[in-house]
file run_9.pdb (PDB, C-alpha atoms)
ATOM      1  CA  MET A   1     -72.613  39.977 113.916
ATOM      2  CA  ALA A   2     -72.262  43.647 112.952
ATOM      3  CA  SER A   3     -73.953  43.002 109.625
ATOM      4  CA  GLN A   4     -76.905  41.395 111.420
ATOM      5  CA  ILE A   5     -77.226  44.454 113.687
ATOM      6  CA  ASP A   6     -77.082  46.767 110.670
ATOM      7  CA  PHE A   7     -79.683  44.641 108.916
ATOM      8  CA  ALA A   8     -81.963  44.750 111.984
ATOM      9  CA  ILE A   9     -81.597  48.543 112.190
ATOM     10  CA  ALA A  10     -82.283  48.887 108.466
ATOM     11  CA  VAL A  11     -85.367  46.672 108.738
ATOM     12  CA  GLY A  12     -86.572  48.710 111.726
ATOM     13  CA  LEU A  13     -86.109  51.990 109.848
ATOM     14  CA  PHE A  14     -87.818  50.532 106.797
ATOM     15  CA  MET A  15     -90.796  49.320 108.856
ATOM     16  CA  THR A  16     -91.028  52.710 110.580
ATOM     17  CA  PHE A  17     -90.989  54.462 107.208
ATOM     18  CA  ILE A  18     -93.641  52.104 105.827
ATOM     19  CA  SER A  19     -95.804  52.591 108.939
ATOM     20  CA  VAL A  20     -95.595  56.379 108.669
ATOM     21  CA  LEU A  21     -96.346  56.164 104.942
ATOM     22  CA  ILE A  22     -99.381  53.916 105.542
ATOM     23  CA  ILE A  23    -100.706  56.237 108.268
ATOM     24  CA  TYR A  24    -100.249  59.245 105.978
ATOM     25  CA  LEU A  25    -102.009  57.513 103.091
ATOM     26  CA  VAL A  26    -104.889  56.351 105.300
ATOM     27  CA  ASN A  27    -105.368  59.876 106.681
ATOM     28  CA  TYR A  28    -105.138  61.341 103.186
ATOM     29  CA  PHE A  29    -107.788  59.022 101.778
ATOM     30  CA  LEU A  30    -110.049  59.531 104.815
ATOM     31  CA  ASN A  31    -109.742  63.297 104.441
ATOM     32  CA  TYR A  32    -110.305  62.993 100.690
ATOM     33  CA  ILE A  33    -113.466  60.944 101.261
ATOM     34  CA  ASN A  34    -114.706  63.456 103.845
ATOM     35  CA  LEU A  35    -113.946  66.379 101.542
ATOM     36  CA  SER A  36    -115.589  64.600  98.628
ATOM     37  CA  SER A  37    -118.692  63.827 100.719
ATOM     38  CA  THR A  38    -118.835  67.404 102.021
ATOM     39  CA  SER A  39    -118.479  68.798  98.508
ATOM     40  CA  GLU A  40    -121.184  66.472  97.218
ATOM     41  CA  LEU A  41    -123.547  67.417 100.055
ATOM     42  CA  ARG A  42    -122.902  71.098  99.422
ATOM     43  CA  THR A  43    -123.769  70.612  95.754
ATOM     44  CA  VAL A  44    -126.955  68.717  96.617
ATOM     45  CA  THR A  45    -127.945  71.339  99.196
ATOM     46  CA  TYR A  46    -127.328  74.177  96.746
ATOM     47  CA  ASN A  47    -129.387  72.424  94.060
ATOM     48  CA  ILE A  48    -132.281  71.895  96.488
ATOM     49  CA  TYR A  49    -132.074  75.503  97.684
ATOM     50  CA  THR A  50    -132.060  76.976  94.174
ATOM     51  CA  SER A  51    -134.886  74.702  93.055
ATOM     52  CA  LEU A  52    -137.092  75.706  95.998
ATOM     53  CA  PHE A  53    -136.167  79.304  96.684
ATOM     54  CA  MET A  54    -134.752  80.748  93.448
ATOM     55  CA  ASP A  55    -137.341  79.579  90.930
ATOM     56  CA  LYS A  56    -141.074  79.647  90.178
ATOM     57  CA  GLY A  57    -141.201  76.010  89.090
ATOM     58  CA  ILE A  58    -142.198  74.216  85.913
ATOM     59  CA  PRO A  59    -144.963  74.788  84.983
ATOM     60  CA  ARG A  60    -145.214  78.147  86.747
ATOM     61  CA  ALA A  61    -148.928  77.650  87.488
ATOM     62  CA  TRP A  62    -148.377  74.243  89.156
ATOM     63  CA  PRO A  63    -150.187  75.187  92.415
ATOM     64  CA  GLU A  64    -153.398  75.742  90.422
ATOM     65  CA  LEU A  65    -153.086  72.701  88.148
ATOM     66  CA  GLY A  66    -153.538  70.023  90.801
ATOM     67  CA  TYR A  67    -150.712  67.691  89.757
ATOM     68  CA  ASN A  68    -147.040  67.296  90.583
ATOM     69  CA  PRO A  69    -144.774  69.874  88.945
ATOM     70  CA  LEU A  70    -141.708  68.959  86.927
ATOM     71  CA  LYS A  71    -139.776  71.453  89.069
ATOM     72  CA  VAL A  72    -140.787  72.873  92.433
ATOM     73  CA  GLY A  73    -140.495  76.634  92.854
ATOM     74  CA  LEU A  74    -141.682  78.568  95.895
ATOM     75  CA  VAL A  75    -141.098  82.177  94.863
ATOM     76  CA  THR A  76    -143.454  84.663  93.316
ATOM     77  CA  ASP A  77    -143.206  88.285  92.203
ATOM     78  CA  MET A  78    -144.008  91.084  94.623
ATOM     79  CA  TYR A  79    -144.680  94.548  93.226
ATOM     80  CA  ARG A  80    -144.251  97.946  94.841
ATOM     81  CA  ILE A  81    -145.470 101.314  93.622
ATOM     82  CA  PRO A  82    -143.957 104.252  95.543
ATOM     83  CA  ALA A  83    -146.028 107.405  95.975
ATOM     84  CA  SER A  84    -145.450 110.787  97.605
ATOM     85  CA  ILE A  85    -148.074 113.238  98.879
ATOM     86  CA  SER A  86    -147.343 116.854  99.787
ATOM     87  CA  GLU A  87    -149.518 119.427 101.563
ATOM     88  CA  ASN A  88    -149.095 122.753  99.717
ATOM     89  CA  SER A  89    -151.323 125.237 101.549
ATOM     90  CA  SER A  90    -149.215 125.707 104.713
ATOM     91  CA  THR A  91    -152.292 124.754 106.731
ATOM     92  CA  ASP A  92    -152.557 122.052 109.390
ATOM     93  CA  ARG A  93    -155.102 119.599 107.974
ATOM     94  CA  GLY A  94    -155.285 117.001 110.721
ATOM     95  CA  VAL A  95    -156.691 113.662 109.537
ATOM     96  CA  VAL A  96    -157.639 113.628 105.858
ATOM     97  CA  THR A  97    -158.929 110.878 103.578
ATOM     98  CA  LEU A  98    -156.744 110.364 100.517
ATOM     99  CA  ASN A  99    -157.305 108.691  97.168
ATOM    100  CA  LEU A 100    -154.575 107.110  95.059
ATOM    101  CA  SER A 101    -155.775 106.010  91.612
ATOM    102  CA  ILE A 102    -153.472 103.124  90.719
ATOM    103  CA  ASN A 103    -152.995 101.192  87.470
ATOM    104  CA  PHE A 104    -152.016  97.818  88.907
ATOM    105  CA  ASP A 105    -151.893  95.761  85.720
ATOM    106  CA  ILE A 106    -152.705  97.753  82.610
ATOM    107  CA  ASN A 107    -151.658  94.880  80.296
ATOM    108  CA  CYS A 108    -153.575  92.252  82.295
ATOM    109  CA  GLU A 109    -150.626  89.990  83.131
ATOM    110  CA  ARG A 110    -152.523  88.626  86.188
ATOM    111  CA  LYS A 111    -150.071  90.054  88.718
ATOM    112  CA  ALA A 112    -152.362  91.917  91.161
ATOM    113  CA  TRP A 113    -154.761  89.735  93.195
ATOM    114  CA  ASN A 114    -156.966  92.294  94.955
ATOM    115  CA  ASN A 115    -156.692  90.757  98.467
ATOM    116  CA  THR A 116    -152.939  91.375  98.422
ATOM    117  CA  VAL A 117    -153.021  95.184  98.100
ATOM    118  CA  ARG A 118    -151.425  96.919 101.083
ATOM    119  CA  ILE A 119    -150.057 100.404 101.824
ATOM    120  CA  LEU A 120    -147.089 100.992 104.129
ATOM    121  CA  ASN A 121    -145.815 104.362 105.301
ATOM    122  CA  SER A 122    -142.156 105.406 105.397
ATOM    123  CA  SER A 123    -141.754 103.557 108.739
ATOM    124  CA  ASN A 124    -143.057 100.322 107.121
ATOM    125  CA  ILE A 125    -146.258 100.438 109.184
ATOM    126  CA  GLU A 126    -149.372  99.186 107.413
ATOM    127  CA  ILE A 127    -152.154 101.720 106.870
ATOM    128  CA  PRO A 128    -155.834 100.621 106.669
ATOM    129  CA  ILE A 129    -157.210 100.923 103.130
ATOM    130  CA  THR A 130    -160.379 100.330 101.142
ATOM    131  CA  LEU A 131    -160.476  99.733  97.377
ATOM    132  CA  PHE A 132    -163.054 101.564  95.253
ATOM    133  CA  ASN A 133    -163.880 101.510  91.530
ATOM    134  CA  GLN A 134    -162.078  98.227  90.970
ATOM    135  CA  THR A 135    -161.789  96.925  87.419
ATOM    136  CA  PHE A 136    -160.557  93.391  86.829
ATOM    137  CA  CYS A 137    -158.635  91.499  84.172
ATOM    138  CA  SER A 138    -160.107  88.160  85.277
ATOM    139  CA  GLN A 139    -161.310  86.666  88.563
ATOM    140  CA  GLN A 140    -159.942  88.969  91.312
ATOM    141  CA  PHE A 141    -156.886  90.083  89.333
ATOM    142  CA  LEU A 142    -156.983  93.879  89.390
ATOM    143  CA  ARG A 143    -156.465  96.124  86.411
ATOM    144  CA  ASN A 144    -156.864  99.396  88.294
ATOM    145  CA  ALA A 145    -158.566 100.782  91.405
ATOM    146  CA  ASP A 146    -158.825 103.765  93.743
ATOM    147  CA  VAL A 147    -156.949 103.112  96.986
ATOM    148  CA  ILE A 148    -158.536 105.030  99.877
ATOM    149  CA  PHE A 149    -156.777 105.623 103.205
ATOM    150  CA  ASN A 150    -156.559 108.141 106.056
ATOM    151  CA  ASN A 151    -153.498 110.063 107.200
ATOM    152  CA  THR A 152    -152.548 113.122 109.206
ATOM    153  CA  PHE A 153    -150.994 116.151 107.511
ATOM    154  CA  ASN A 154    -149.555 119.233 109.132
ATOM    155  CA  ALA A 155    -148.691 122.410 107.251
ATOM    156  CA  GLY A 156    -146.231 121.734 104.438
ATOM    157  CA  ASN A 157    -145.977 117.998 105.187
ATOM    158  CA  ALA A 158    -144.544 115.685 102.533
ATOM    159  CA  LYS A 159    -144.975 111.946 103.092
ATOM    160  CA  ASN A 160    -143.932 108.828 101.235
ATOM    161  CA  PHE A 161    -145.992 105.649 100.878
ATOM    162  CA  SER A 162    -145.546 102.264  99.201
ATOM    163  CA  ILE A 163    -148.350 100.236  97.619
ATOM    164  CA  TYR A 164    -147.580  96.494  97.605
ATOM    165  CA  PHE A 165    -149.370  93.724  95.715
ATOM    166  CA  SER A 166    -148.784  90.297  94.159
ATOM    167  CA  ALA A 167    -150.603  87.446  92.401
ATOM    168  CA  ASP A 168    -150.691  85.295  95.564
ATOM    169  CA  LYS A 169    -154.253  84.015  96.040
ATOM    170  CA  ASN A 170    -153.772  82.805  99.621
ATOM    171  CA  ILE A 171    -153.378  86.208 101.270
ATOM    172  CA  THR A 172    -156.193  87.034 103.679
ATOM    173  CA  ALA A 173    -158.235  90.072 102.710
ATOM    174  CA  HIS A 174    -158.306  93.092 105.029
ATOM    175  CA  ASN A 175    -161.622  94.141 106.578
ATOM    176  CA  TYR A 176    -161.291  97.921 106.696
ATOM    177  CA  SER A 177    -164.226 100.091 105.651
ATOM    178  CA  LEU A 178    -163.503 103.690 104.651
ATOM    179  CA  SER A 179    -165.681 106.192 102.832
ATOM    180  CA  PHE A 180    -164.797 107.590  99.433
ATOM    181  CA  PRO A 181    -163.295 111.087  99.935
ATOM    182  CA  SER A 182    -164.380 114.407  98.512
ATOM    183  CA  SER A 183    -161.938 116.274  96.302
ATOM    184  CA  LEU A 184    -158.739 117.425  97.964
ATOM    185  CA  VAL A 185    -157.198 120.766  97.072
ATOM    186  CA  ASN A 186    -153.679 122.062  97.570
ATOM    187  CA  TYR A 187    -152.143 118.587  97.593
ATOM    188  CA  THR A 188    -149.549 117.225  95.203
ATOM    189  CA  ILE A 189    -149.735 113.471  94.608
ATOM    190  CA  THR A 190    -146.959 111.747  92.663
ATOM    191  CA  VAL A 191    -147.096 108.048  91.756
ATOM    192  CA  TYR A 192    -143.786 106.547  90.653
ATOM    193  CA  ALA A 193    -142.846 103.621  88.434
ATOM    194  CA  GLU A 194    -143.563 100.091  89.562
ATOM    195  CA  GLU A 195    -140.779  98.016  91.127
ATOM    196  CA  LYS A 196    -140.573  94.204  91.189
ATOM    197  CA  PHE A 197    -138.782  91.758  93.485
ATOM    198  CA  SER A 198    -139.110  88.114  94.573
ATOM    199  CA  ILE A 199    -140.650  86.728  97.767
ATOM    200  CA  LEU A 200    -141.810  83.354  99.079
ATOM    201  CA  SER A 201    -145.364  82.590  97.980
ATOM    202  CA  ALA A 202    -147.951  81.516 100.565
ATOM    203  CA  GLU A 203    -149.910  79.830  97.763
ATOM    204  CA  ARG A 204    -146.883  77.752  96.704
ATOM    205  CA  LEU A 205    -145.918  76.849 100.279
ATOM    206  CA  ILE A 206    -149.445  75.541 100.894
ATOM    207  CA  ALA A 207    -149.326  73.608  97.605
ATOM    208  CA  LEU A 208    -145.948  72.095  98.573
ATOM    209  CA  ARG A 209    -147.425  70.747 101.816
ATOM    210  CA  LYS A 210    -150.036  68.871  99.758
ATOM    211  CA  LEU A 211    -147.385  66.971  97.782
ATOM    212  CA  ASN A 212    -146.206  63.512  98.835
ATOM    213  CA  TYR A 213    -142.737  63.607 100.450
ATOM    214  CA  SER A 214    -141.350  60.903  98.151
ATOM    215  CA  ASP A 215    -142.687  62.791  95.141
ATOM    216  CA  VAL A 216    -140.856  65.948  96.269
ATOM    217  CA  VAL A 217    -137.585  63.998  96.579
ATOM    218  CA  THR A 218    -138.135  62.540  93.116
ATOM    219  CA  ILE A 219    -138.954  65.952  91.624
ATOM    220  CA  LEU A 220    -135.778  67.429  93.102
ATOM    221  CA  GLY A 221    -133.812  64.663  91.384
ATOM    222  CA  ASP A 222    -131.538  63.764  94.314
ATOM    223  CA  GLU A 223    -131.113  60.492  96.185
ATOM    224  CA  TYR A 224    -130.714  62.202  99.540
ATOM    225  CA  TYR A 225    -133.615  62.370 101.966
ATOM    226  CA  PHE A 226    -133.836  65.604 103.921
ATOM    227  CA  ASN A 227    -135.883  67.579 106.409
ATOM    228  CA  LEU A 228    -137.204  70.969 105.330
ATOM    229  CA  GLU A 229    -138.471  73.426 107.907
ATOM    230  CA  VAL A 230    -139.937  76.750 106.839
ATOM    231  CA  SER A 231    -140.699  79.258 109.573
ATOM    232  CA  ALA A 232    -141.548  82.953 109.746
ATOM    233  CA  GLU A 233    -140.812  85.365 112.572
TER     234      GLU A 233
END
call {"tool": "encode", "arguments": {"input": "run_9.pdb", "output": "structure tokens"}}
result
Amino acid sequence: MASQIDFAIAVGLFMTFISVLIIYLVNYFLNYINLSSTSELRTVTYNIYTSLFMDKGIPRAWPELGYNPLKVGLVTDMYRIPASISENSSTDRGVVTLNLSINFDINCERKAWNNTVRILNSSNIEIPITLFNQTFCSQQFLRNADVIFNNTFNAGNAKNFSIYFSADKNITAHNYSLSFPSSLVNYTITVYAEEKFSILSAERLIALRKLNYSDVVTILGDEYYFNLEVSAE
């Protein structure tokens, strides 16, 4: 009788151990599957992100070519040329009309579409401008131009400005109309070296909207369907 009780207790302990082991293994495999799925989704998401937002696509001119690219890329190069202007006569000038002669693309690399040219002051506020004496590499791609704008200078003022431009053809042109200035005296104008950084391209975003959704999924090379929302504030 005692042996039967011991056997029953042993069987009960064994079954309890097996049950705990099965529960542990089930939880482990469920967690492993979840982790594996999460890792896979992260990889897919990263690949989609880098393809869209860290690359210019293959070929780079795919928005202009009219057929599906081998690789989608939504970024383009933005250029900035810093400039400083100082009033040297210790005289309050009030509003003056200024002229910055800028070499936008001396080697004609097609990087300065003329509608994109903007000037911002040190507070990042856009200043109305008019372009004079424009020379072009091809189409509306600037080689150089005189950038005309108005600003207020008190005695001894020194101000910083930034000229921005890119090759994006879908930027709306400004409609400012300024007169070409007479010569300015007692001003020091310094134009600094060009800087380059990446931004989202309006031209490429518009071209992406024209592609078939299934084609985009195929181009990205992933079997996951997704929703992409691009917004600007």
call {"tool": "atom_distance", "arguments": {"input": "run_9.pdb", "atom1": "atom CA of A:Asp146", "atom2": "atom CA of A:Ser90"}}
result
26.3 Å
call {"tool": "closest_residue", "arguments": {"input": "run_9.pdb", "among": "A:Val147, A:Ile106, A:Ile163, A:Val96", "to": "A:Arg118", "atoms": "only C-alpha atoms"}}
result
A:Ile163
call {"tool": "closest_residue", "arguments": {"input": "run_9.pdb", "among": "A:Ser86, A:Tyr79, A:Ile129, A:Leu142", "to": "A:Asn107", "atoms": "only C-alpha atoms"}}
result
A:Leu142
call {"tool": "closest_residue", "arguments": {"input": "run_9.pdb", "among": "A:Gly57, A:Phe161, A:Tyr46, A:Arg93", "to": "A:Ile125", "atoms": "only C-alpha atoms"}}
result
A:Phe161
call {"tool": "resolve_selection", "arguments": {"input": "run_9.pdb", "expression": "the PyMOL selection byres ((chain A and resi 169-180) around 6)", "output": "compact mmCIF listing (two decimals) with C-alpha atoms, keeping the file's coordinate frame"}}
result
# COMPACT_ATOMS: atom_id res chain seq x y z
CA ASN A 115 -156.69 90.76 98.47
CA THR A 116 -152.94 91.38 98.42
CA THR A 130 -160.38 100.33 101.14
CA ASP A 168 -150.69 85.30 95.56
CA PRO A 181 -163.29 111.09 99.94
CA GLU A 203 -149.91 79.83 97.76
call {"tool": "resolve_selection", "arguments": {"input": "run_9.pdb", "expression": "the PyMOL selection byres ((chain A and resi 197-199) around 10)", "output": "list in words"}}
result
Phe53, Met54, Asp55, Lys56, Leu74, Val75, Thr76, Asp77, Met78, Tyr79, Arg80, Ser166, Glu195, Lys196, Leu200, Ser201 and Ala202 of chain A
call {"tool": "closest_residue", "arguments": {"input": "run_9.pdb", "among": "A:Gly156, A:Pro69, A:Pro59, A:Gly94", "to": "A:Leu220", "atoms": "all atoms listed in the file"}}
result
A:Pro69
call {"tool": "atom_distance", "arguments": {"input": "run_9.pdb", "atom1": "atom CA of A:Thr135", "atom2": "atom CA of A:Asp105"}}
result
10.1 Å
call {"tool": "resolve_selection", "arguments": {"input": "run_9.pdb", "expression": "the PyMOL selection byres ((chain A and resi 186) around 12)", "output": "PyMOL selection string"}}
result
chain A and resi 85-93+153+155-157+183-185+187-189
call {"tool": "atom_distance", "arguments": {"input": "run_9.pdb", "atom1": "atom CA of A:Phe141", "atom2": "atom CA of A:Tyr164"}}
result
14.0 Å
call {"tool": "closest_residue", "arguments": {"input": "run_9.pdb", "among": "A:Asn144, A:Val217, A:Gln134, A:Ala83", "to": "A:Ile119", "atoms": "all atoms listed in the file"}}
result
A:Ala83
call {"tool": "closest_residue", "arguments": {"input": "run_9.pdb", "among": "A:Asn99, A:Ile219, A:Lys159, A:Ala207", "to": "A:Asn47", "atoms": "only C-alpha atoms"}}
result
A:Ile219
